[in-house]
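Asks: If it helps, the file is called protein01.cif and holds mmCIF, C-alpha atoms:
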```cif
data_work
#
loop_
_atom_site.group_PDB
_atom_site.id
_atom_site.type_symbol
_atom_site.label_atom_id
_atom_site.label_comp_id
_atom_site.auth_asym_id
_atom_site.auth_seq_id
_atom_site.Cartn_x
_atom_site.Cartn_y
_atom_site.Cartn_z
ATOM 1 C CA MET A 7 222.661 68.563 323.912
ATOM 2 C CA PHE A 8 219.669 70.847 323.528
ATOM 3 C CA ARG A 9 216.823 70.621 321.087
ATOM 4 C CA CYS A 10 216.989 72.953 318.150
ATOM 5 C CA ASN A 11 214.592 75.875 318.063
ATOM 6 C CA LYS A 12 211.763 74.756 315.770
ATOM 7 C CA LYS A 13 208.943 76.771 314.268
ATOM 8 C CA ARG A 14 205.817 75.925 316.170
ATOM 9 C CA ASP A 15 202.574 77.827 316.468
ATOM 10 C CA GLY A 16 202.129 81.546 315.997
ATOM 11 C CA GLU A 17 202.128 82.997 319.498
ATOM 12 C CA LYS A 18 203.578 86.482 319.531
ATOM 13 C CA TRP A 19 206.273 85.703 322.091
ATOM 14 C CA ARG A 20 207.513 82.775 320.022
ATOM 15 C CA ARG A 21 207.728 84.871 316.856
ATOM 16 C CA GLN A 22 209.625 87.527 318.766
ATOM 17 C CA TYR A 23 212.317 85.317 320.249
ATOM 18 C CA GLU A 24 212.717 83.428 316.956
ATOM 19 C CA PHE A 25 213.382 86.755 315.212
ATOM 20 C CA TYR A 26 215.915 88.042 317.739
ATOM 21 C CA HIS A 27 217.723 84.722 318.086
ATOM 22 C CA GLY A 28 218.000 84.586 314.315
ATOM 23 C CA LEU A 29 220.296 87.621 314.493
ATOM 24 C CA PHE A 30 222.954 85.508 316.221
ATOM 25 C CA PRO A 31 223.224 82.328 314.141
ATOM 26 C CA GLU A 32 226.457 81.217 315.830
ATOM 27 C CA ILE A 33 224.811 81.161 319.297
ATOM 28 C CA PRO A 34 222.718 78.043 320.042
ATOM 29 C CA THR A 35 219.281 78.628 321.559
ATOM 30 C CA VAL A 36 218.058 76.924 324.721
ATOM 31 C CA LEU A 37 214.311 76.650 325.183
ATOM 32 C CA SER A 38 212.860 77.441 328.594
ATOM 33 C CA GLU A 39 211.063 74.112 328.708
ATOM 34 C CA ASP A 40 214.460 72.403 328.419
ATOM 35 C CA LEU A 41 215.932 74.642 331.097
ATOM 36 C CA ILE A 42 213.180 73.582 333.486
ATOM 37 C CA SER A 43 213.267 69.880 332.609
ATOM 38 C CA LYS A 44 217.043 69.374 332.391
ATOM 39 C CA TYR A 45 218.282 71.527 335.263
ATOM 40 C CA ASP A 46 217.359 72.157 338.865
ATOM 41 C CA ILE A 47 216.691 75.906 338.728
ATOM 42 C CA GLY A 48 214.651 76.048 341.928
ATOM 43 C CA LEU A 49 215.986 77.783 344.998
ATOM 44 C CA SER A 50 218.499 75.692 346.910
ATOM 45 C CA SER A 51 217.479 74.909 350.472
ATOM 46 C CA GLU A 52 221.121 75.291 351.480
ATOM 47 C CA ASP A 53 221.602 78.549 349.658
ATOM 48 C CA PRO A 54 218.533 80.857 349.792
ATOM 49 C CA ASN A 55 220.085 83.099 347.158
ATOM 50 C CA GLY A 56 220.331 80.233 344.667
ATOM 51 C CA ASN A 57 224.003 80.829 343.846
ATOM 52 C CA ALA A 58 224.394 79.568 340.287
ATOM 53 C CA CYS A 59 228.194 79.584 340.483
ATOM 54 C CA ARG A 60 228.346 76.760 343.005
ATOM 55 C CA LYS A 61 230.933 74.326 341.710
ATOM 56 C CA LEU A 62 228.577 71.328 341.551
ATOM 57 C CA SER A 63 226.065 73.139 339.355
ATOM 58 C CA PRO A 64 225.865 71.780 335.782
ATOM 59 C CA VAL A 65 224.895 75.187 334.449
ATOM 60 C CA VAL A 66 225.545 78.861 335.079
ATOM 61 C CA LEU A 67 222.468 80.963 334.367
ATOM 62 C CA VAL A 68 223.423 84.577 333.620
ATOM 63 C CA ASP A 69 220.952 87.475 333.597
ATOM 64 C CA VAL A 70 222.241 90.347 331.437
ATOM 65 C CA ARG A 71 219.380 92.735 332.169
ATOM 66 C CA THR A 72 219.626 95.886 334.285
ATOM 67 C CA MET A 73 219.596 95.884 338.075
ATOM 68 C CA GLU A 74 216.127 97.448 338.050
ATOM 69 C CA GLU A 75 214.740 94.630 335.914
ATOM 70 C CA ARG A 76 216.353 92.015 338.160
ATOM 71 C CA ASN A 77 214.947 93.703 341.257
ATOM 72 C CA VAL A 78 211.443 93.155 339.855
ATOM 73 C CA SER A 79 211.921 89.608 338.576
ATOM 74 C CA LYS A 80 214.564 87.054 337.718
ATOM 75 C CA ILE A 81 214.810 83.319 337.145
ATOM 76 C CA PRO A 82 215.942 81.472 340.295
ATOM 77 C CA THR A 83 219.699 80.711 340.565
ATOM 78 C CA SER A 84 220.595 83.356 337.962
ATOM 79 C CA ILE A 85 223.460 85.753 338.558
ATOM 80 C CA CYS A 86 224.230 89.097 336.951
ATOM 81 C CA LEU A 87 226.774 89.489 334.160
ATOM 82 C CA VAL A 88 229.322 91.355 336.301
ATOM 83 C CA GLU A 89 229.281 88.621 338.939
ATOM 84 C CA PHE A 90 229.683 85.938 336.289
ATOM 85 C CA GLU A 91 232.685 87.598 334.655
ATOM 86 C CA LYS A 92 234.369 88.056 338.028
ATOM 87 C CA SER A 93 233.842 84.346 338.757
ATOM 88 C CA LEU A 94 235.101 83.456 335.290
ATOM 89 C CA GLU A 95 238.278 85.511 335.641
ATOM 90 C CA ALA A 96 238.870 84.096 339.138
ATOM 91 C CA GLY A 97 238.691 80.552 337.778
ATOM 92 C CA ASP A 98 235.538 79.647 339.725
ATOM 93 C CA VAL A 99 233.654 78.570 336.577
ATOM 94 C CA SER A 100 234.607 75.249 335.028
ATOM 95 C CA PRO A 101 235.338 75.330 331.271
ATOM 96 C CA GLN A 102 232.995 72.330 330.921
ATOM 97 C CA VAL A 103 229.980 74.068 332.449
ATOM 98 C CA ASP A 104 227.106 75.183 330.231
ATOM 99 C CA VAL A 105 226.633 78.951 330.342
ATOM 100 C CA ILE A 106 223.079 80.061 329.532
ATOM 101 C CA ILE A 107 222.539 83.780 328.999
ATOM 102 C CA TYR A 108 219.102 85.374 329.171
ATOM 103 C CA CYS A 109 217.320 88.707 328.920
ATOM 104 C CA THR A 110 213.738 89.631 328.035
ATOM 105 C CA ILE A 111 213.329 88.122 324.597
ATOM 106 C CA GLY A 112 216.797 87.264 323.295
ATOM 107 C CA TYR A 113 218.528 90.294 321.794
ATOM 108 C CA ARG A 114 220.717 91.381 324.719
ATOM 109 C CA SER A 115 221.467 87.772 325.608
ATOM 110 C CA GLY A 116 222.577 87.109 322.031
ATOM 111 C CA LEU A 117 224.848 90.144 322.131
ATOM 112 C CA GLU A 118 226.488 89.181 325.407
ATOM 113 C CA ALA A 119 226.836 85.533 324.382
ATOM 114 C CA ARG A 120 228.627 86.716 321.236
ATOM 115 C CA ARG A 121 230.922 88.968 323.280
ATOM 116 C CA LEU A 122 231.728 86.231 325.827
ATOM 117 C CA ARG A 123 232.582 83.749 323.066
ATOM 118 C CA ASN A 124 234.958 86.230 321.449
ATOM 119 C CA LYS A 125 236.521 87.579 324.646
ATOM 120 C CA TYR A 126 236.933 84.402 326.700
ATOM 121 C CA LEU A 127 236.830 81.833 323.873
ATOM 122 C CA LEU A 128 233.927 80.087 325.586
ATOM 123 C CA ARG A 129 232.162 77.514 323.460
ATOM 124 C CA ASN A 130 229.453 76.137 325.758
ATOM 125 C CA VAL A 131 227.550 79.415 325.651
ATOM 126 C CA TYR A 132 223.834 79.432 324.893
ATOM 127 C CA SER A 133 221.091 82.040 324.674
ATOM 128 C CA LEU A 134 217.807 81.310 326.454
ATOM 129 C CA ASP A 135 214.591 82.123 324.617
ATOM 130 C CA GLY A 136 214.016 84.773 327.302
ATOM 131 C CA ILE A 137 212.238 85.445 330.559
ATOM 132 C CA VAL A 138 208.977 86.137 328.696
ATOM 133 C CA ALA A 139 209.056 82.698 327.057
ATOM 134 C CA TYR A 140 210.023 81.211 330.425
ATOM 135 C CA THR A 141 206.781 82.498 332.009
ATOM 136 C CA HIS A 142 204.776 80.439 329.507
ATOM 137 C CA GLN A 143 206.273 77.149 330.676
ATOM 138 C CA LYS A 144 204.744 74.792 333.216
ATOM 139 C CA GLY A 145 206.822 74.849 336.377
ATOM 140 C CA SER A 146 208.220 78.322 335.822
ATOM 141 C CA LYS A 147 208.924 80.446 338.883
ATOM 142 C CA LEU A 148 210.258 83.984 339.252
ATOM 143 C CA VAL A 149 211.816 85.660 342.257
ATOM 144 C CA SER A 150 212.274 89.340 343.026
ATOM 145 C CA GLY A 151 215.138 91.317 344.464
ATOM 146 C CA GLU A 152 218.891 91.340 344.080
ATOM 147 C CA SER A 153 221.248 89.946 346.693
ATOM 148 C CA THR A 154 223.205 92.674 348.483
ATOM 149 C CA SER A 155 224.138 90.880 351.709
ATOM 150 C CA PRO A 156 224.587 87.304 353.020
ATOM 151 C CA SER A 157 221.302 87.584 354.949
ATOM 152 C CA PHE A 158 219.311 88.593 351.877
ATOM 153 C CA VAL A 159 216.391 86.312 351.038
ATOM 154 C CA VAL A 160 214.664 86.348 347.661
ATOM 155 C CA ASN A 161 210.877 86.212 347.357
ATOM 156 C CA GLU A 162 208.708 84.546 344.756
ATOM 157 C CA THR A 163 206.810 87.002 342.562
ATOM 158 C CA ILE A 164 204.160 87.052 339.846
ATOM 159 C CA CYS A 165 205.596 90.236 338.312
ATOM 160 C CA CYS A 166 207.800 90.021 335.235
ATOM 161 C CA HIS A 167 209.823 92.980 333.988
ATOM 162 C CA THR A 168 209.597 92.982 330.189
ATOM 163 C CA PHE A 169 211.533 96.195 329.359
ATOM 164 C CA ALA A 170 208.739 97.585 327.141
ATOM 165 C CA SER A 171 205.067 96.937 326.421
ATOM 166 C CA MET A 172 205.831 95.445 322.993
ATOM 167 C CA TRP A 173 207.383 92.446 324.781
ATOM 168 C CA SER A 174 204.788 92.132 327.545
ATOM 169 C CA ASN A 175 203.070 88.971 326.305
ATOM 170 C CA VAL A 176 203.789 87.061 329.536
ATOM 171 C CA GLY A 177 202.278 83.770 330.586
ATOM 172 C CA VAL A 178 199.002 83.300 332.436
ATOM 173 C CA GLY A 179 199.342 84.215 336.097
ATOM 174 C CA TYR A 180 202.124 86.737 335.557
ATOM 175 C CA THR A 181 201.860 90.552 335.517
ATOM 176 C CA PRO A 182 204.125 92.532 333.147
ATOM 177 C CA VAL A 183 206.128 95.503 334.424
ATOM 178 C CA THR A 184 207.879 97.913 332.044
ATOM 179 C CA PHE A 185 210.111 100.985 332.063
ATOM 180 C CA ASN A 186 208.432 104.360 331.677
ATOM 181 C CA LEU A 187 208.910 106.075 328.308
ATOM 182 C CA ILE A 188 211.936 108.156 329.266
ATOM 183 C CA ARG A 189 213.743 105.237 330.902
ATOM 184 C CA TYR A 190 212.843 103.004 327.962
ATOM 185 C CA LEU A 191 214.420 105.454 325.500
ATOM 186 C CA LEU A 192 217.522 105.803 327.671
ATOM 187 C CA GLU A 193 218.004 102.047 328.058
ATOM 188 C CA SER A 194 217.358 101.532 324.342
ATOM 189 C CA LEU A 195 220.167 103.978 323.523
ATOM 190 C CA LYS A 196 222.483 102.064 325.861
ATOM 191 C CA VAL A 197 221.603 98.787 324.152
ATOM 192 C CA ALA A 198 222.141 100.332 320.718
ATOM 193 C CA ALA A 199 225.586 101.648 321.705
ATOM 194 C CA ARG A 200 226.609 98.301 323.188
ATOM 195 C CA SER A 201 225.261 96.504 320.141
ATOM 196 C CA PHE A 202 227.378 98.656 317.827
ATOM 197 C CA SER A 203 230.530 98.003 319.858
ATOM 198 C CA ILE A 204 230.034 94.234 320.214
ATOM 199 C CA ASN A 205 228.995 93.656 316.608
ATOM 200 C CA LEU A 206 231.813 95.808 315.220
ATOM 201 C CA ARG A 207 234.351 93.769 317.157
ATOM 202 C CA HIS A 208 232.672 90.525 316.121
ATOM 203 C CA TYR A 209 232.714 91.400 312.419
ATOM 204 C CA CYS A 210 236.339 92.527 312.627
ATOM 205 C CA ILE A 211 237.313 89.215 314.231
ATOM 206 C CA THR A 212 235.288 87.295 311.642
ATOM 207 C CA CYS A 213 236.846 89.148 308.719
ATOM 208 C CA LEU A 214 240.406 88.750 310.045
ATOM 209 C CA ARG A 215 239.985 85.062 310.823
ATOM 210 C CA PRO A 216 242.046 82.947 308.372
ATOM 211 C CA ARG A 217 239.910 81.125 305.828
ATOM 212 C CA PRO A 218 240.684 77.531 304.823
ATOM 213 C CA ARG A 219 242.392 77.222 301.466
ATOM 214 C CA ARG A 220 240.559 75.564 298.624
ATOM 215 C CA GLY A 221 241.882 72.426 297.003
#
```
Represent the structure from my file as structure tokens, please.

Replies:
Amino acid sequence: MFRCNKKRDGEKWRRQYEFYHGLFPEIPTVLSEDLISKYDIGLSSEDPNGNACRKLSPVVLVDVRTMEERNVSKIPTSICLVEFEKSLEAGDVSPQVDVIIYCTIGYRSGLEARRLRNKYLLRNVYSLDGIVAYTHQKGSKLVSGESTSPSFVVNETICCHTFASMWSNVGVGYTPVTFNLIRYLLESLKVAARSFSINLRHYCITCLRPRPRRG
């Protein structure tokens, strides 16, 4: 359904997402240019919060970053991971819908896509090339703030939270925002712990999975 991730030119942001997505070979990659061209990710005039779990939506866009990152910037119509899992367990997400996970550059989204596939047996799960890659695409738009009430209205922003300066190669017209050093180290430890847990479970499942018999 989506184009495969191909080696193109040598921009830093492309090399970065290609590296991180390569760590999760079982998770297909969705390019931001395809997200923009194939789906309506603009804010809905009927729903100012751009609820991505509306039943007529062909895709659920899930942001797995922290609340602080989402408060600075997020892709329109995206929802947080907790909200998505609640909708999934309540049966509000169709099994046929495409679920696209994203983070900054692709590592956390790959992790969570792997976990969701193993936990819920989802197969239409993809990992976006990341919010940084998204800012380089024509037609990209970011909004700030996180919905906390029905009257909440999101605002368009030129800021893009990139977690750390090493991933701050955002597109023209955007301004990178990062965690301070202490918060960066703390969040990195959280990611490392979650990575260990998810990957350990994944490798256990993979090793215990019956292998087809030869001849």

Asks: Find the residues near range 186-193 of chain A: any atom within 9 Å, counting all atoms listed in the file, skip ones fewer than 5 places away on the same chain, and give them as an MDAnalysis selection string.

Replies: chainID A and resid 72 169:170 198

Asks: How would you write, as a PDB file with C-alpha atoms, in the coordinates of the input, the residues chosen by the PyMOL selection byres ((chain A and resi 139-141) around 10) on this structure?

Replies:
```pdb
ATOM      1  CA  TRP A  19     206.273  85.703 322.091  1.00  0.00           C
ATOM      2  CA  ARG A  20     207.513  82.775 320.022  1.00  0.00           C
ATOM      3  CA  GLN A  22     209.625  87.527 318.766  1.00  0.00           C
ATOM      4  CA  TYR A  23     212.317  85.317 320.249  1.00  0.00           C
ATOM      5  CA  LEU A  37     214.311  76.650 325.183  1.00  0.00           C
ATOM      6  CA  SER A  38     212.860  77.441 328.594  1.00  0.00           C
ATOM      7  CA  GLU A  39     211.063  74.112 328.708  1.00  0.00           C
ATOM      8  CA  LEU A  41     215.932  74.642 331.097  1.00  0.00           C
ATOM      9  CA  ILE A  42     213.180  73.582 333.486  1.00  0.00           C
ATOM     10  CA  ILE A  81     214.810  83.319 337.145  1.00  0.00           C
ATOM     11  CA  THR A 110     213.738  89.631 328.035  1.00  0.00           C
ATOM     12  CA  ILE A 111     213.329  88.122 324.597  1.00  0.00           C
ATOM     13  CA  GLY A 112     216.797  87.264 323.295  1.00  0.00           C
ATOM     14  CA  LEU A 134     217.807  81.310 326.454  1.00  0.00           C
ATOM     15  CA  ASP A 135     214.591  82.123 324.617  1.00  0.00           C
ATOM     16  CA  GLY A 136     214.016  84.773 327.302  1.00  0.00           C
ATOM     17  CA  ILE A 137     212.238  85.445 330.559  1.00  0.00           C
ATOM     18  CA  VAL A 138     208.977  86.137 328.696  1.00  0.00           C
ATOM     19  CA  HIS A 142     204.776  80.439 329.507  1.00  0.00           C
ATOM     20  CA  GLN A 143     206.273  77.149 330.676  1.00  0.00           C
ATOM     21  CA  LYS A 144     204.744  74.792 333.216  1.00  0.00           C
ATOM     22  CA  GLY A 145     206.822  74.849 336.377  1.00  0.00           C
ATOM     23  CA  SER A 146     208.220  78.322 335.822  1.00  0.00           C
ATOM     24  CA  LYS A 147     208.924  80.446 338.883  1.00  0.00           C
ATOM     25  CA  LEU A 148     210.258  83.984 339.252  1.00  0.00           C
ATOM     26  CA  ILE A 164     204.160  87.052 339.846  1.00  0.00           C
ATOM     27  CA  CYS A 166     207.800  90.021 335.235  1.00  0.00           C
ATOM     28  CA  ASN A 175     203.070  88.971 326.305  1.00  0.00           C
ATOM     29  CA  VAL A 176     203.789  87.061 329.536  1.00  0.00           C
ATOM     30  CA  GLY A 177     202.278  83.770 330.586  1.00  0.00           C
ATOM     31  CA  VAL A 178     199.002  83.300 332.436  1.00  0.00           C
ATOM     32  CA  GLY A 179     199.342  84.215 336.097  1.00  0.00           C
ATOM     33  CA  TYR A 180     202.124  86.737 335.557  1.00  0.00           C
TER      34      TYR A 180
END
```

Asks: Restricting the calculation to all atoms listed in the file: of A:Leu122, A:Val131, A:Leu214, A:Val78, which residue gets closest to Cys165 in chain A?

Replies: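 Comparing A:Leu122, A:Val131, A:Leu214, A:Val78 against Cys165 in chain A, the winner is A:Val78.
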
Asks: Select, from A:Thr163, A:Ser133, A:Asp40, A:Tyr126, the residue with the minimum atom-to-atom distance to Gly97 in chain A, counting all atoms listed in the file.

Replies: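 Ranking A:Thr163, A:Ser133, A:Asp40, A:Tyr126 by distance to Gly97 in chain A, first place goes to A:Tyr126.
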
Asks: Using all atoms listed in the file for the distances, tell me which of A:Arg21, A:Tyr132, A:Val65, A:Thr168 is nearest to Leu117 in chain A.

Replies: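 Comparing A:Arg21, A:Tyr132, A:Val65, A:Thr168 against Leu117 in chain A, the winner is A:Tyr132.
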
Asks: As an exercise, work out the distance from CA of Ile33 in chain A to CA of Trp173 in chain A in Å and give it to one decimal place.

Replies: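 Atom-to-atom, CA of Ile33 in chain A and CA of Trp173 in chain A are spaced 21.5 Å apart.
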
Asks: Just checking: using all atoms listed in the file, which residue out of A:Ile204, A:Glu24, A:Glu75, A:Cys213 ends up closest to Arg120 in chain A?

Replies: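 Checking each of A:Ile204, A:Glu24, A:Glu75, A:Cys213 against Arg120 in chain A, counting all atoms listed in the file, the winner is A:Ile204.
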
Asks: In Å, how far is it from CA of Asp104 in chain A to CA of Arg129 in chain A?

Replies: 8.8 Å

Asks: Rounded to one decimal place, report the CA of Ser100 in chain A-CA of Val70 in chain A distance in Å.

Replies: 19.8 Å

Asks: Given the file shown, enumerate the residues that the PyMOL selection byres ((chain A and resi 34) around 10) captures and present them as JSON, numbers by chain.

Replies: {"A": [8, 9, 10, 11, 27, 28, 30, 31, 32, 33, 35, 36, 37, 106, 116, 119, 130, 131, 132, 133, 134]}

Asks: Write out, as an mmCIF file, keeping the file's coordinate frame, the residues just selected, with C-alpha atoms.

Replies:
```cif
data_model
loop_
_atom_site.group_PDB
_atom_site.id
_atom_site.type_symbol
_atom_site.label_atom_id
_atom_site.label_comp_id
_atom_site.auth_asym_id
_atom_site.auth_seq_id
_atom_site.Cartn_x
_atom_site.Cartn_y
_atom_site.Cartn_z
ATOM 1 C CA PHE A 8 219.669 70.847 323.528
ATOM 2 C CA ARG A 9 216.823 70.621 321.087
ATOM 3 C CA CYS A 10 216.989 72.953 318.150
ATOM 4 C CA ASN A 11 214.592 75.875 318.063
ATOM 5 C CA HIS A 27 217.723 84.722 318.086
ATOM 6 C CA GLY A 28 218.000 84.586 314.315
ATOM 7 C CA PHE A 30 222.954 85.508 316.221
ATOM 8 C CA PRO A 31 223.224 82.328 314.141
ATOM 9 C CA GLU A 32 226.457 81.217 315.830
ATOM 10 C CA ILE A 33 224.811 81.161 319.297
ATOM 11 C CA THR A 35 219.281 78.628 321.559
ATOM 12 C CA VAL A 36 218.058 76.924 324.721
ATOM 13 C CA LEU A 37 214.311 76.650 325.183
ATOM 14 C CA ILE A 106 223.079 80.061 329.532
ATOM 15 C CA GLY A 116 222.577 87.109 322.031
ATOM 16 C CA ALA A 119 226.836 85.533 324.382
ATOM 17 C CA ASN A 130 229.453 76.137 325.758
ATOM 18 C CA VAL A 131 227.550 79.415 325.651
ATOM 19 C CA TYR A 132 223.834 79.432 324.893
ATOM 20 C CA SER A 133 221.091 82.040 324.674
ATOM 21 C CA LEU A 134 217.807 81.310 326.454
#
```

Asks: Give me, as a VMD selection string, all polymer residues having an atom no more than 8 Å from Asn77 in chain A, counting all atoms listed in the file and skipping those fewer than 2 positions away in the same chain.

Replies: chain A and resid 73 to 75 79 to 80 150 to 152

Asks: For range 165-171 of chain A, what centre and edge lengths in Å (one decimal) does the axis-aligned box get once 3 Å is added on each side of all its listed atoms, as AutoDock Vina command-line options?

Replies:
```
--center_x 208.3 --center_y 93.8 --center_z 332.4 --size_x 12.5 --size_y 13.6 --size_z 17.9
```

Asks: Can you tell me which residues surround Lys125 in chain A at a distance of at most 12 Å, considering all atoms listed in the file, apart from same-chain residues fewer than 5 positions away, and format the answer as a PyMOL selection string?

Replies: chain A and resi 91+94-95+118-120+204+207-208+211

Asks: Would you write out those residues with C-alpha atoms, as a short mmCIF file (atom, residue, chain, number, x, y, z; two decimals), in the coordinates of the input?

Replies:
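The resulting result_25.cif:
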```cif
data_model
loop_
_atom_site.label_atom_id
_atom_site.label_comp_id
_atom_site.auth_asym_id
_atom_site.auth_seq_id
_atom_site.Cartn_x
_atom_site.Cartn_y
_atom_site.Cartn_z
CA GLU A 91 232.68 87.60 334.66
CA LEU A 94 235.10 83.46 335.29
CA GLU A 95 238.28 85.51 335.64
CA GLU A 118 226.49 89.18 325.41
CA ALA A 119 226.84 85.53 324.38
CA ARG A 120 228.63 86.72 321.24
CA ILE A 204 230.03 94.23 320.21
CA ARG A 207 234.35 93.77 317.16
CA HIS A 208 232.67 90.52 316.12
CA ILE A 211 237.31 89.22 314.23
#
```

Asks: Given only C-alpha atoms as the basis, pick out the residue of A:Glu162, A:Ser201, A:Arg123, A:Ser84 nearest to Cys109 in chain A.

Replies: A:Ser84

Asks: My structure is short of atoms at range 77-84 of chain A; please model all heavy atoms there, returning them as an mmCIF file, in the frame of the given file.

Replies:
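This went into selection_14.cif:
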```cif
data_model
loop_
_atom_site.group_PDB
_atom_site.id
_atom_site.type_symbol
_atom_site.label_atom_id
_atom_site.label_comp_id
_atom_site.auth_asym_id
_atom_site.auth_seq_id
_atom_site.Cartn_x
_atom_site.Cartn_y
_atom_site.Cartn_z
ATOM 1 N N ASN A 77 215.610 93.445 339.984
ATOM 2 C CA ASN A 77 214.947 93.703 341.257
ATOM 3 C C ASN A 77 213.465 93.345 341.203
ATOM 4 O O ASN A 77 212.870 92.942 342.196
ATOM 5 C CB ASN A 77 215.109 95.167 341.656
ATOM 6 C CG ASN A 77 216.446 95.448 342.306
ATOM 7 O OD1 ASN A 77 217.046 94.566 342.905
ATOM 8 N ND2 ASN A 77 216.928 96.670 342.171
ATOM 9 N N VAL A 78 212.860 93.486 340.025
ATOM 10 C CA VAL A 78 211.443 93.155 339.855
ATOM 11 C C VAL A 78 211.259 91.656 339.694
ATOM 12 O O VAL A 78 210.384 91.051 340.320
ATOM 13 C CB VAL A 78 210.847 93.892 338.634
ATOM 14 C CG1 VAL A 78 209.422 93.393 338.342
ATOM 15 C CG2 VAL A 78 210.838 95.394 338.881
ATOM 16 N N SER A 79 212.087 91.041 338.857
ATOM 17 C CA SER A 79 211.921 89.608 338.576
ATOM 18 C C SER A 79 213.181 89.033 337.962
ATOM 19 O O SER A 79 213.859 89.687 337.166
ATOM 20 C CB SER A 79 210.745 89.377 337.634
ATOM 21 O OG SER A 79 210.953 90.068 336.408
ATOM 22 N N LYS A 80 213.460 87.789 338.326
ATOM 23 C CA LYS A 80 214.564 87.054 337.718
ATOM 24 C C LYS A 80 214.283 85.566 337.862
ATOM 25 O O LYS A 80 213.474 85.142 338.694
ATOM 26 C CB LYS A 80 215.897 87.412 338.374
ATOM 27 C CG LYS A 80 215.969 87.083 339.857
ATOM 28 C CD LYS A 80 217.295 87.546 340.447
ATOM 29 C CE LYS A 80 217.376 87.227 341.936
ATOM 30 N NZ LYS A 80 218.628 87.679 342.543
ATOM 31 N N ILE A 81 214.948 84.766 337.061
ATOM 32 C CA ILE A 81 214.810 83.319 337.145
ATOM 33 C C ILE A 81 215.680 82.834 338.306
ATOM 34 O O ILE A 81 216.830 83.261 338.443
ATOM 35 C CB ILE A 81 215.241 82.656 335.830
ATOM 36 C CG1 ILE A 81 214.361 83.152 334.672
ATOM 37 C CG2 ILE A 81 215.148 81.132 335.932
ATOM 38 C CD1 ILE A 81 214.780 82.634 333.307
ATOM 39 N N PRO A 82 215.158 81.967 339.154
ATOM 40 C CA PRO A 82 215.942 81.472 340.295
ATOM 41 C C PRO A 82 217.294 80.901 339.878
ATOM 42 O O PRO A 82 217.408 80.268 338.831
ATOM 43 C CB PRO A 82 215.041 80.379 340.891
ATOM 44 C CG PRO A 82 213.667 80.787 340.508
ATOM 45 C CD PRO A 82 213.795 81.404 339.139
ATOM 46 N N THR A 83 218.291 81.125 340.699
ATOM 47 C CA THR A 83 219.699 80.711 340.565
ATOM 48 C C THR A 83 220.494 81.584 339.606
ATOM 49 O O THR A 83 221.705 81.408 339.485
ATOM 50 C CB THR A 83 219.887 79.234 340.137
ATOM 51 O OG1 THR A 83 219.597 79.090 338.752
ATOM 52 C CG2 THR A 83 219.037 78.298 340.973
ATOM 53 N N SER A 84 219.848 82.528 338.912
ATOM 54 C CA SER A 84 220.595 83.356 337.962
ATOM 55 C C SER A 84 221.461 84.374 338.683
ATOM 56 O O SER A 84 221.146 84.823 339.786
ATOM 57 C CB SER A 84 219.639 84.068 337.000
ATOM 58 O OG SER A 84 218.818 84.996 337.693
#
```
